[in-house]
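Structure file query11.cif with mmCIF, C-alpha atoms:
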```cif
data_work
#
loop_
_atom_site.label_atom_id
_atom_site.label_comp_id
_atom_site.auth_asym_id
_atom_site.auth_seq_id
_atom_site.Cartn_x
_atom_site.Cartn_y
_atom_site.Cartn_z
CA MET A 1 -18.50 15.76 22.45
CA ALA A 2 -18.56 17.87 19.34
CA ILE A 3 -15.92 17.67 16.67
CA GLU A 4 -13.97 20.77 15.93
CA ALA A 5 -13.61 19.97 12.26
CA GLU A 6 -10.55 21.69 10.90
CA ARG A 7 -10.72 22.99 7.38
CA PRO A 8 -8.40 20.98 5.16
CA SER A 9 -5.16 22.84 4.63
CA PRO A 10 -4.49 24.30 1.16
CA GLY A 11 -1.86 21.62 0.54
CA LEU A 12 -4.43 18.86 0.83
CA ALA A 13 -6.05 19.09 -2.57
CA GLN A 14 -6.97 15.41 -2.16
CA SER A 15 -10.01 16.32 -0.12
CA ASP A 16 -12.20 16.90 -3.14
CA PRO A 17 -11.43 13.63 -4.96
CA LEU A 18 -11.90 11.83 -1.65
CA ASP A 19 -15.27 13.39 -1.15
CA GLU A 20 -16.16 12.44 -4.70
CA ALA A 21 -15.15 8.90 -3.85
CA LEU A 22 -17.54 9.01 -0.92
CA GLN A 23 -20.33 10.03 -3.25
CA GLU A 24 -19.97 6.98 -5.41
CA THR A 25 -22.65 4.39 -5.11
CA PHE A 26 -20.19 1.65 -4.34
CA PRO A 27 -17.77 2.41 -1.51
CA ALA A 28 -15.05 0.32 -3.10
CA SER A 29 -12.43 -0.88 -0.75
CA ASP A 30 -11.00 -2.66 2.15
CA PRO A 31 -12.26 -2.64 5.71
CA VAL A 32 -9.81 -0.99 8.01
CA ALA A 33 -10.75 -1.69 11.58
CA ILE A 34 -13.68 -2.59 13.75
CA GLY A 35 -14.51 -2.74 17.43
CA HIS A 36 -14.37 -0.38 20.35
CA SER A 37 -11.33 1.82 20.52
CA GLU A 38 -8.51 1.00 22.86
CA HIS A 39 -6.82 4.25 21.96
CA ALA A 40 -3.68 5.11 23.83
CA GLY A 41 -4.59 8.70 24.56
CA THR A 42 -6.33 11.86 23.48
CA PRO A 43 -4.63 15.19 22.98
CA PRO A 44 -4.47 17.62 25.91
CA GLY A 45 -7.72 19.47 26.50
CA HIS A 46 -9.92 16.67 25.17
CA ALA A 47 -11.82 14.31 27.41
CA SER A 48 -11.31 10.60 26.82
CA ALA A 49 -14.48 8.74 25.78
CA PRO A 50 -15.50 5.58 23.90
CA ILE A 51 -14.98 5.99 20.19
CA GLU A 52 -17.82 4.86 17.99
CA TRP A 53 -18.69 7.44 15.31
CA PHE A 54 -16.90 9.90 13.04
CA ASP A 55 -18.26 12.54 15.43
CA ASP A 56 -16.26 11.06 18.31
CA LEU A 57 -12.92 11.44 16.53
CA VAL A 58 -10.56 14.29 17.41
CA LEU A 59 -7.45 15.34 15.52
CA GLY A 60 -4.30 14.27 17.36
CA MET A 61 -5.94 11.20 18.93
CA ARG A 62 -3.46 8.35 19.32
CA PHE A 63 -3.82 4.59 18.97
CA ARG A 64 -1.64 1.59 19.75
CA SER A 65 -1.92 -2.03 18.59
CA PRO A 66 -0.93 -5.30 20.21
CA ALA A 67 2.34 -6.87 19.01
CA MET A 68 2.91 -9.74 16.56
CA ARG A 69 6.00 -11.87 15.94
CA VAL A 70 7.21 -12.76 12.43
CA THR A 71 9.09 -16.02 11.75
CA ALA A 72 11.41 -17.06 8.91
CA GLU A 73 8.75 -19.63 8.00
CA ASP A 74 6.11 -16.89 7.67
CA ILE A 75 8.44 -14.75 5.56
CA LYS A 76 9.27 -17.54 3.10
CA ARG A 77 5.68 -18.76 2.83
CA PHE A 78 4.32 -15.28 2.03
CA ALA A 79 7.15 -14.62 -0.44
CA ALA A 80 6.70 -17.94 -2.25
CA GLU A 81 3.08 -16.98 -2.99
CA PHE A 82 3.32 -13.23 -3.59
CA ASP A 83 6.89 -11.95 -3.85
CA PRO A 84 9.28 -14.70 -4.95
CA GLN A 85 12.59 -12.86 -4.80
CA PRO A 86 15.93 -13.82 -3.22
CA TYR A 87 15.57 -11.27 -0.39
CA HIS A 88 12.57 -13.14 0.99
CA LEU A 89 13.02 -16.82 0.08
CA ASP A 90 16.45 -17.99 1.13
CA GLU A 91 18.94 -16.92 3.83
CA GLU A 92 22.07 -17.47 1.71
CA ALA A 93 20.74 -15.74 -1.40
CA ALA A 94 19.45 -12.85 0.74
CA ALA A 95 22.88 -12.41 2.36
CA GLN A 96 24.28 -11.50 -1.08
CA THR A 97 21.78 -8.64 -1.58
CA PRO A 98 21.71 -5.05 -0.25
CA LEU A 99 19.29 -6.29 2.44
CA LYS A 100 22.16 -8.43 3.81
CA GLY A 101 19.98 -11.24 5.05
CA LEU A 102 16.45 -12.61 4.94
CA ALA A 103 13.76 -9.91 5.20
CA ALA A 104 9.98 -9.93 4.90
CA SER A 105 8.37 -8.81 1.65
CA GLY A 106 7.16 -5.24 2.08
CA TRP A 107 3.67 -6.50 1.23
CA HIS A 108 3.94 -9.05 4.00
CA THR A 109 4.72 -6.22 6.42
CA ALA A 110 1.72 -4.30 5.02
CA ALA A 111 -0.55 -7.33 5.57
CA ILE A 112 0.71 -7.78 9.15
CA ALA A 113 0.00 -4.08 9.74
CA MET A 114 -3.60 -4.60 8.53
CA ARG A 115 -3.98 -7.37 11.09
CA LEU A 116 -2.58 -5.14 13.84
CA MET A 117 -4.85 -2.23 12.81
CA SER A 118 -7.89 -4.48 13.08
CA GLU A 119 -6.76 -5.43 16.58
CA ALA A 120 -6.06 -1.83 17.59
CA ARG A 121 -9.71 -0.98 16.87
CA PRO A 122 -9.19 2.75 16.45
CA PHE A 123 -12.81 3.41 15.52
CA GLY A 124 -16.22 2.19 16.54
CA PRO A 125 -17.85 -1.22 16.37
CA HIS A 126 -19.09 -0.76 12.78
CA PRO A 127 -17.58 -2.85 10.03
CA LEU A 128 -15.59 -0.15 8.24
CA LEU A 129 -14.27 0.33 4.75
CA GLY A 130 -11.19 2.04 3.41
CA ILE A 131 -10.80 3.43 -0.09
CA GLY A 132 -7.01 3.14 -0.17
CA VAL A 133 -3.82 4.34 1.48
CA ASP A 134 -1.33 7.14 0.89
CA GLU A 135 2.41 7.41 1.50
CA LEU A 136 3.13 3.75 2.20
CA ARG A 137 6.85 3.48 3.05
CA TRP A 138 9.18 0.63 4.01
CA LEU A 139 11.70 2.16 6.39
CA ALA A 140 13.86 -0.79 7.48
CA PRO A 141 13.94 -4.55 6.87
CA VAL A 142 11.66 -6.79 8.94
CA ARG A 143 13.77 -9.79 10.05
CA PRO A 144 12.88 -13.31 11.19
CA GLY A 145 12.01 -13.16 14.89
CA ASP A 146 11.06 -9.47 14.85
CA THR A 147 8.04 -8.45 16.92
CA LEU A 148 6.04 -5.58 15.42
CA HIS A 149 3.45 -3.23 16.87
CA LEU A 150 1.70 -0.16 15.47
CA GLU A 151 1.25 3.36 16.77
CA GLY A 152 -1.18 5.71 15.08
CA GLU A 153 -2.18 9.36 15.14
CA LEU A 154 -5.35 10.83 13.68
CA ILE A 155 -4.13 13.51 11.28
CA GLU A 156 -7.18 14.49 9.21
CA LEU A 157 -10.99 14.31 9.31
CA ILE A 158 -12.86 14.88 6.05
CA PRO A 159 -16.65 14.98 6.48
CA SER A 160 -18.62 13.92 3.42
CA ARG A 161 -20.76 16.68 1.93
CA THR A 162 -23.41 14.23 0.81
CA LYS A 163 -23.44 11.18 3.09
CA PRO A 164 -23.65 10.64 6.87
CA GLN A 165 -20.01 9.62 7.08
CA GLY A 166 -16.49 10.92 6.74
CA ILE A 167 -12.94 9.85 5.97
CA ALA A 168 -10.48 9.56 8.83
CA ARG A 169 -6.78 9.64 7.95
CA VAL A 170 -4.56 7.99 10.58
CA ARG A 171 -0.77 7.99 10.19
CA TRP A 172 0.30 4.53 11.37
CA MET A 173 3.90 3.60 12.10
CA ALA A 174 5.12 0.04 12.74
CA PHE A 175 8.02 -0.44 15.16
CA ASN A 176 10.14 -3.51 15.87
CA GLN A 177 11.14 -4.79 19.32
CA ARG A 178 14.05 -2.32 19.42
CA GLY A 179 11.71 0.61 18.82
CA GLU A 180 12.99 1.15 15.28
CA PRO A 181 10.37 2.32 12.76
CA VAL A 182 10.05 -0.22 9.93
CA TYR A 183 6.89 0.85 8.07
CA SER A 184 4.47 3.75 7.79
CA VAL A 185 1.16 4.22 6.00
CA ILE A 186 -1.86 6.55 5.94
CA PRO A 187 -5.10 4.61 5.31
CA LEU A 188 -8.26 6.46 4.25
CA ALA A 189 -10.99 4.93 6.37
CA ILE A 190 -14.72 5.55 5.98
CA VAL A 191 -16.36 6.13 9.37
CA PRO A 192 -20.15 6.65 9.74
CA ARG A 193 -21.58 9.69 11.57
CA ARG A 194 -23.88 9.47 14.56
CA ALA A 195 -27.56 9.65 13.58
CA ALA A 196 -28.84 13.22 14.11
CA MET B 1 19.34 6.23 -25.99
CA ALA B 2 19.53 9.22 -23.70
CA ILE B 3 16.88 10.00 -21.13
CA GLU B 4 15.06 13.23 -21.49
CA ALA B 5 14.57 13.71 -17.80
CA GLU B 6 11.59 15.94 -17.23
CA ARG B 7 11.81 18.38 -14.41
CA PRO B 8 9.41 17.38 -11.65
CA SER B 9 6.28 19.48 -11.82
CA PRO B 10 5.71 21.99 -9.01
CA GLY B 11 3.04 19.72 -7.56
CA LEU B 12 5.55 16.93 -7.04
CA ALA B 13 7.32 18.19 -3.97
CA GLN B 14 8.01 14.55 -3.17
CA SER B 15 11.05 14.48 -5.43
CA ASP B 16 13.41 15.91 -2.84
CA PRO B 17 12.48 13.57 0.01
CA LEU B 18 12.75 10.70 -2.45
CA ASP B 19 16.20 11.74 -3.46
CA GLU B 20 17.11 12.04 0.17
CA ALA B 21 15.84 8.52 0.64
CA LEU B 22 18.18 7.41 -2.12
CA GLN B 23 21.06 8.97 -0.30
CA GLU B 24 20.55 6.90 2.79
CA THR B 25 23.08 4.20 3.43
CA PHE B 26 20.42 1.56 3.65
CA PRO B 27 17.98 1.49 0.75
CA ALA B 28 15.15 0.31 2.97
CA SER B 29 12.39 -1.40 1.13
CA ASP B 30 10.80 -4.01 -0.94
CA PRO B 31 11.99 -5.36 -4.26
CA VAL B 32 9.62 -4.52 -7.02
CA ALA B 33 10.45 -6.52 -10.09
CA ILE B 34 13.29 -8.33 -11.78
CA GLY B 35 14.04 -9.78 -15.16
CA HIS B 36 14.06 -8.56 -18.72
CA SER B 37 11.19 -6.34 -19.71
CA GLU B 38 8.29 -7.73 -21.65
CA HIS B 39 6.87 -4.26 -22.01
CA ALA B 40 3.76 -3.89 -24.08
CA GLY B 41 4.92 -0.91 -26.05
CA THR B 42 6.90 2.29 -26.12
CA PRO B 43 5.48 5.72 -26.85
CA PRO B 44 5.48 6.93 -30.46
CA GLY B 45 8.84 8.25 -31.57
CA HIS B 46 10.84 5.93 -29.31
CA ALA B 47 12.57 2.81 -30.58
CA SER B 48 11.79 -0.40 -28.72
CA ALA B 49 14.83 -1.97 -27.04
CA PRO B 50 15.59 -4.33 -24.16
CA ILE B 51 15.14 -2.60 -20.83
CA GLU B 52 17.91 -3.11 -18.33
CA TRP B 53 19.00 0.16 -16.71
CA PHE B 54 17.45 3.40 -15.46
CA ASP B 55 18.97 4.93 -18.60
CA ASP B 56 16.81 2.69 -20.82
CA LEU B 57 13.54 3.92 -19.33
CA VAL B 58 11.39 6.46 -21.17
CA LEU B 59 8.39 8.33 -19.82
CA GLY B 60 5.17 6.92 -21.23
CA MET B 61 6.53 3.38 -21.60
CA ARG B 62 3.84 0.76 -21.00
CA PHE B 63 3.93 -2.66 -19.37
CA ARG B 64 1.51 -5.57 -19.06
CA SER B 65 1.52 -8.55 -16.69
CA PRO B 66 0.28 -12.12 -17.10
CA ALA B 67 -3.09 -12.90 -15.46
CA MET B 68 -3.85 -14.68 -12.18
CA ARG B 69 -7.08 -16.23 -10.89
CA VAL B 70 -8.32 -15.74 -7.31
CA THR B 71 -10.42 -18.40 -5.57
CA ALA B 72 -12.78 -18.21 -2.57
CA GLU B 73 -10.29 -20.48 -0.79
CA ASP B 74 -7.46 -18.01 -1.40
CA ILE B 75 -9.59 -15.10 -0.19
CA LYS B 76 -10.58 -16.78 3.07
CA ARG B 77 -7.09 -18.11 3.80
CA PHE B 78 -5.47 -14.68 3.35
CA ALA B 79 -8.19 -12.99 5.40
CA ALA B 80 -7.96 -15.48 8.26
CA GLU B 81 -4.29 -14.60 8.66
CA PHE B 82 -4.23 -10.88 7.92
CA ASP B 83 -7.69 -9.31 7.66
CA PRO B 84 -10.26 -11.33 9.64
CA GLN B 85 -13.42 -9.40 8.81
CA PRO B 86 -16.85 -10.59 7.61
CA TYR B 87 -16.35 -9.23 4.07
CA HIS B 88 -13.52 -11.69 3.48
CA LEU B 89 -14.24 -14.77 5.60
CA ASP B 90 -17.76 -15.97 4.98
CA GLU B 91 -20.20 -15.73 2.05
CA GLU B 92 -23.32 -15.26 4.17
CA ALA B 93 -21.84 -12.66 6.49
CA ALA B 94 -20.34 -10.81 3.50
CA ALA B 95 -23.76 -10.70 1.79
CA GLN B 96 -25.04 -8.53 4.67
CA THR B 97 -22.32 -5.87 4.19
CA PRO B 98 -21.98 -2.99 1.71
CA LEU B 99 -19.71 -5.26 -0.35
CA LYS B 100 -22.76 -7.52 -0.94
CA GLY B 101 -20.83 -10.76 -1.07
CA LEU B 102 -17.40 -12.27 -0.46
CA ALA B 103 -14.53 -10.05 -1.63
CA ALA B 104 -10.76 -10.25 -1.29
CA SER B 105 -9.01 -8.18 1.37
CA GLY B 106 -7.56 -5.09 -0.25
CA TRP B 107 -4.16 -6.22 1.05
CA HIS B 108 -4.64 -9.56 -0.67
CA THR B 109 -5.24 -7.70 -3.93
CA ALA B 110 -2.10 -5.64 -3.25
CA ALA B 111 -0.07 -8.83 -2.68
CA ILE B 112 -1.39 -10.41 -5.89
CA ALA B 113 -0.43 -7.21 -7.72
CA MET B 114 3.13 -7.55 -6.36
CA ARG B 115 3.27 -11.06 -7.79
CA LEU B 116 2.01 -9.84 -11.16
CA MET B 117 4.49 -6.93 -11.19
CA SER B 118 7.36 -9.34 -10.60
CA GLU B 119 6.11 -11.39 -13.56
CA ALA B 120 5.69 -8.31 -15.77
CA ARG B 121 9.41 -7.54 -15.33
CA PRO B 122 9.17 -3.88 -16.27
CA PHE B 123 12.85 -3.21 -15.56
CA GLY B 124 16.14 -4.98 -16.05
CA PRO B 125 17.53 -8.22 -14.65
CA HIS B 126 18.85 -6.64 -11.45
CA PRO B 127 17.24 -7.50 -8.14
CA LEU B 128 15.48 -4.22 -7.42
CA LEU B 129 14.24 -2.43 -4.35
CA GLY B 130 11.29 -0.12 -3.79
CA ILE B 131 11.04 2.42 -0.99
CA GLY B 132 7.24 2.45 -0.86
CA VAL B 133 4.12 3.24 -2.88
CA ASP B 134 1.85 6.25 -3.35
CA GLU B 135 -1.87 6.56 -4.07
CA LEU B 136 -2.86 2.96 -3.44
CA ARG B 137 -6.60 2.67 -4.19
CA TRP B 138 -9.15 -0.15 -4.12
CA LEU B 139 -11.58 0.65 -6.92
CA ALA B 140 -13.97 -2.32 -6.94
CA PRO B 141 -14.32 -5.62 -5.06
CA VAL B 142 -12.26 -8.61 -6.20
CA ARG B 143 -14.59 -11.63 -6.21
CA PRO B 144 -13.99 -15.39 -6.05
CA GLY B 145 -13.15 -16.60 -9.55
CA ASP B 146 -11.94 -13.22 -10.79
CA THR B 147 -8.88 -13.21 -13.04
CA LEU B 148 -6.64 -10.16 -12.62
CA HIS B 149 -3.91 -8.68 -14.75
CA LEU B 150 -1.91 -5.44 -14.50
CA GLU B 151 -1.21 -2.66 -16.94
CA GLY B 152 1.42 -0.04 -16.15
CA GLU B 153 2.69 3.27 -17.46
CA LEU B 154 5.99 4.90 -16.55
CA ILE B 155 5.00 8.35 -15.26
CA GLU B 156 8.13 9.76 -13.61
CA LEU B 157 11.92 9.28 -13.57
CA ILE B 158 13.89 10.81 -10.71
CA PRO B 159 17.67 10.46 -11.10
CA SER B 160 19.61 10.41 -7.84
CA ARG B 161 21.99 13.32 -7.39
CA THR B 162 24.48 11.22 -5.47
CA LYS B 163 24.22 7.58 -6.52
CA PRO B 164 24.33 5.71 -9.85
CA GLN B 165 20.60 4.98 -9.74
CA GLY B 166 17.19 6.59 -9.92
CA ILE B 167 13.59 6.13 -8.88
CA ALA B 168 11.06 5.03 -11.50
CA ARG B 169 7.39 5.68 -10.76
CA VAL B 170 5.02 3.40 -12.67
CA ARG B 171 1.25 3.82 -12.37
CA TRP B 172 -0.10 0.25 -12.28
CA MET B 173 -3.76 -0.60 -12.67
CA ALA B 174 -5.27 -4.03 -12.05
CA PHE B 175 -8.22 -5.12 -14.18
CA ASN B 176 -10.57 -8.07 -13.79
CA GLN B 177 -11.71 -10.40 -16.61
CA ARG B 178 -14.43 -7.90 -17.59
CA GLY B 179 -11.87 -5.14 -18.04
CA GLU B 180 -13.05 -3.29 -14.92
CA PRO B 181 -10.32 -1.52 -12.93
CA VAL B 182 -10.17 -2.94 -9.39
CA TYR B 183 -6.91 -1.52 -7.98
CA SER B 184 -4.27 1.10 -8.70
CA VAL B 185 -0.91 1.93 -7.14
CA ILE B 186 2.28 3.88 -7.87
CA PRO B 187 5.38 2.04 -6.55
CA LEU B 188 8.67 3.92 -6.16
CA ALA B 189 11.27 1.53 -7.56
CA ILE B 190 15.03 1.97 -7.35
CA VAL B 191 16.67 1.20 -10.71
CA PRO B 192 20.49 1.27 -11.20
CA ARG B 193 22.12 3.35 -13.95
CA ARG B 194 24.35 1.91 -16.64
CA ALA B 195 28.04 2.16 -15.75
CA ALA B 196 29.57 5.20 -17.51
#
```
Whole structure, structure tokens version:
Amino acid sequence: MAIEAERPSPGLAQSDPLDEALQETFPASDPVAIGHSEHAGTPPGHASAPIEWFDDLVLGMRFRSPAMRVTAEDIKRFAAEFDPQPYHLDEEAAAQTPLKGLAASGWHTAAIAMRLMSEARPFGPHPLLGIGVDELRWLAPVRPGDTLHLEGELIELIPSRTKPQGIARVRWMAFNQRGEPVYSVIPLAIVPRRAA
Amino acid sequence: MAIEAERPSPGLAQSDPLDEALQETFPASDPVAIGHSEHAGTPPGHASAPIEWFDDLVLGMRFRSPAMRVTAEDIKRFAAEFDPQPYHLDEEAAAQTPLKGLAASGWHTAAIAMRLMSEARPFGPHPLLGIGVDELRWLAPVRPGDTLHLEGELIELIPSRTKPQGIARVRWMAFNQRGEPVYSVIPLAIVPRRAA
């Protein structure tokens, strides 16, 4: 299955710096996801097939993660180490803030989302790397007892001009058990191309 | 000291959505930093003064955090919970990857940076909220034994049209003990205005 690589739109001036990043000797960054895809669906007109290489990816492809529950214990433990503020450490103190009750640190939510991405396995079995993320947003508080899952859509494919790989941009959204969006993020994942 | 609010440049079309975000009833998000500023310096021509309100902030203002050391134990513990991949869990497995040795999860680095931001106290004593971050990038691996600190520069001030607050965008960069940049991020922090 061939990729119909869309030309980056004029608004996406990031493509060049990203490609420069790909050209660097060291692909600095964080792995994003490994394993065979369990993607939730492909766009109309595209056949479903195992995802392994950059070449297998198609714009509009959708992914879905398993779910994970967050406890008050988890929230306070993460906050004590990384984000020691009243919103995240203590029910009574949190009740007096605009968050009106205990809520997870936004960075705790981001870390949980990383775990769920790795379990969603949107790409192939290769250990992958990401160079960063864009447009990370916290949309609603994550409360003790909430169960989160992720849904993702492949929104951009940027082939490297110099290396047998590309960057895949997936817009991921985390939802709670009531279907409310609580978090969104667009990681920039490096995915290798199939050998010619 | 009055703010000379610069008009957002044409490239920053984000200003309007951000202001819309400010108008929402619930300021969804993550606190960014509290406490009196220990800022490292103000730009030439501006008097140094305690930072407390949005009105006290000046473009170009710089901040610096204390330092924090990361251990192999920390790296593996974080990864086991949130990012269970060979780069972060096991020295020998990590040596076989492009990272060429154990390195912290990028989300671990991001969480450490949150801790350092809260200790840098770039804004006033109010408990603050952030709506998200832009342009998060992992620039080099964070290794066991590395000591990180943050340096920040205030790059944009976006007053709300409807509420007594604004969004402050600080470009933070994390450096290791050799002065190498390892991480950068631009949080969008909500800062209240001084009562008229």
Show me which bits of chain B are within 6 Å of chain A, counting all atoms listed in the file, as a PyMOL selection string.
chain B and resi 28-30+82-83+105-107+111-112+115+131-140
Could those selected residues go to a file with C-alpha atoms, as an mmCIF file, keeping the file's coordinate frame?
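Resulting contents of selection14.cif:
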```cif
data_model
loop_
_atom_site.group_PDB
_atom_site.id
_atom_site.type_symbol
_atom_site.label_atom_id
_atom_site.label_comp_id
_atom_site.auth_asym_id
_atom_site.auth_seq_id
_atom_site.Cartn_x
_atom_site.Cartn_y
_atom_site.Cartn_z
ATOM 1 C CA ALA B 28 15.150 0.310 2.970
ATOM 2 C CA SER B 29 12.390 -1.400 1.130
ATOM 3 C CA ASP B 30 10.800 -4.010 -0.940
ATOM 4 C CA PHE B 82 -4.230 -10.880 7.920
ATOM 5 C CA ASP B 83 -7.690 -9.310 7.660
ATOM 6 C CA SER B 105 -9.010 -8.180 1.370
ATOM 7 C CA GLY B 106 -7.560 -5.090 -0.250
ATOM 8 C CA TRP B 107 -4.160 -6.220 1.050
ATOM 9 C CA ALA B 111 -0.070 -8.830 -2.680
ATOM 10 C CA ILE B 112 -1.390 -10.410 -5.890
ATOM 11 C CA ARG B 115 3.270 -11.060 -7.790
ATOM 12 C CA ILE B 131 11.040 2.420 -0.990
ATOM 13 C CA GLY B 132 7.240 2.450 -0.860
ATOM 14 C CA VAL B 133 4.120 3.240 -2.880
ATOM 15 C CA ASP B 134 1.850 6.250 -3.350
ATOM 16 C CA GLU B 135 -1.870 6.560 -4.070
ATOM 17 C CA LEU B 136 -2.860 2.960 -3.440
ATOM 18 C CA ARG B 137 -6.600 2.670 -4.190
ATOM 19 C CA TRP B 138 -9.150 -0.150 -4.120
ATOM 20 C CA LEU B 139 -11.580 0.650 -6.920
ATOM 21 C CA ALA B 140 -13.970 -2.320 -6.940
#
```
Counting all atoms listed in the file, the residue among A:Met68, A:Ile186, A:Leu59, A:Ala94 that lies closest to Met173 in chain A is A:Ile186
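Taking CA of Pro192 in chain B and CA of Arg171 in chain B as the two end points, the separation is 19.4 Å.
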If you count all atoms listed in the file, which residues fall within 6 Å of range 53-55 of chain B, apart from same-chain ones fewer than 3 positions away, as a VMD selection string?
chain B and resid 124 191 to 194
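Across the structure, CA of Pro66 in chain B and CA of Leu150 in chain B are spaced 7.5 Å apart.
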re CA of Gly152 in chain B and CA of Phe123 in chain B: distance 11.9 Å
Which protein, DNA or RNA residues have an atom at most 7 Å from (9.6, -3.2, 16.7), counting all atoms listed in the file? List them as a ChimeraX atom specification.
/A:146-149,174-181
Quick one: residues within 10 Å of Glu92 in chain B, all atoms listed in the file counted, chain neighbours fewer than 6 positions away excluded, as a list in words?
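With the cut-off at 10 Å, the set is Pro86, Lys100, Gly101 and Leu102 of chain B.
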Select, from A:Glu91, A:Glu156, A:Glu151, A:Glu73, the residue with the minimum atom-to-atom distance to Gly60 in chain A, counting all atoms listed in the file.
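Counting all atoms listed in the file, the residue closest to Gly60 in chain A is A:Glu156.
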Write out as a list in words each polymer residue whose atoms come within 7 Å of Pro144 in chain B, counting only C-alpha atoms; drop sequence neighbours fewer than 6 positions from it.
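The residues that qualify are Val70, Thr71, Ala72 and Ala103 of chain B.
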Output file for the residues above (C-alpha atoms, as a PDB file, keeping the file's coordinate frame):
```pdb
ATOM      1  CA  VAL B  70      -8.320 -15.740  -7.310  1.00  0.00           C
ATOM      2  CA  THR B  71     -10.420 -18.400  -5.570  1.00  0.00           C
ATOM      3  CA  ALA B  72     -12.780 -18.210  -2.570  1.00  0.00           C
ATOM      4  CA  ALA B 103     -14.530 -10.050  -1.630  1.00  0.00           C
TER       5      ALA B 103
END
```
Let me make sure I understand: among A:Glu52, A:Phe63, A:Gln165, A:Leu57, which one has the smallest atom-to-atom distance to Glu153 in chain A if we use only C-alpha atoms?
A:Phe63
Near-Ile167 in chain B list (8 Å; only C-alpha atoms; drop same-chain fewer than 2 positions) as a PDB file with C-alpha atoms, keeping the file's coordinate frame:
```pdb
ATOM      1  CA  LEU B  18      12.750  10.700  -2.450  1.00  0.00           C
ATOM      2  CA  LEU B 157      11.920   9.280 -13.570  1.00  0.00           C
ATOM      3  CA  ILE B 158      13.890  10.810 -10.710  1.00  0.00           C
ATOM      4  CA  PRO B 159      17.670  10.460 -11.100  1.00  0.00           C
ATOM      5  CA  SER B 160      19.610  10.410  -7.840  1.00  0.00           C
ATOM      6  CA  GLN B 165      20.600   4.980  -9.740  1.00  0.00           C
ATOM      7  CA  ARG B 169       7.390   5.680 -10.760  1.00  0.00           C
ATOM      8  CA  LEU B 188       8.670   3.920  -6.160  1.00  0.00           C
ATOM      9  CA  ALA B 189      11.270   1.530  -7.560  1.00  0.00           C
ATOM     10  CA  ILE B 190      15.030   1.970  -7.350  1.00  0.00           C
ATOM     11  CA  VAL B 191      16.670   1.200 -10.710  1.00  0.00           C
TER      12      VAL B 191
END
```
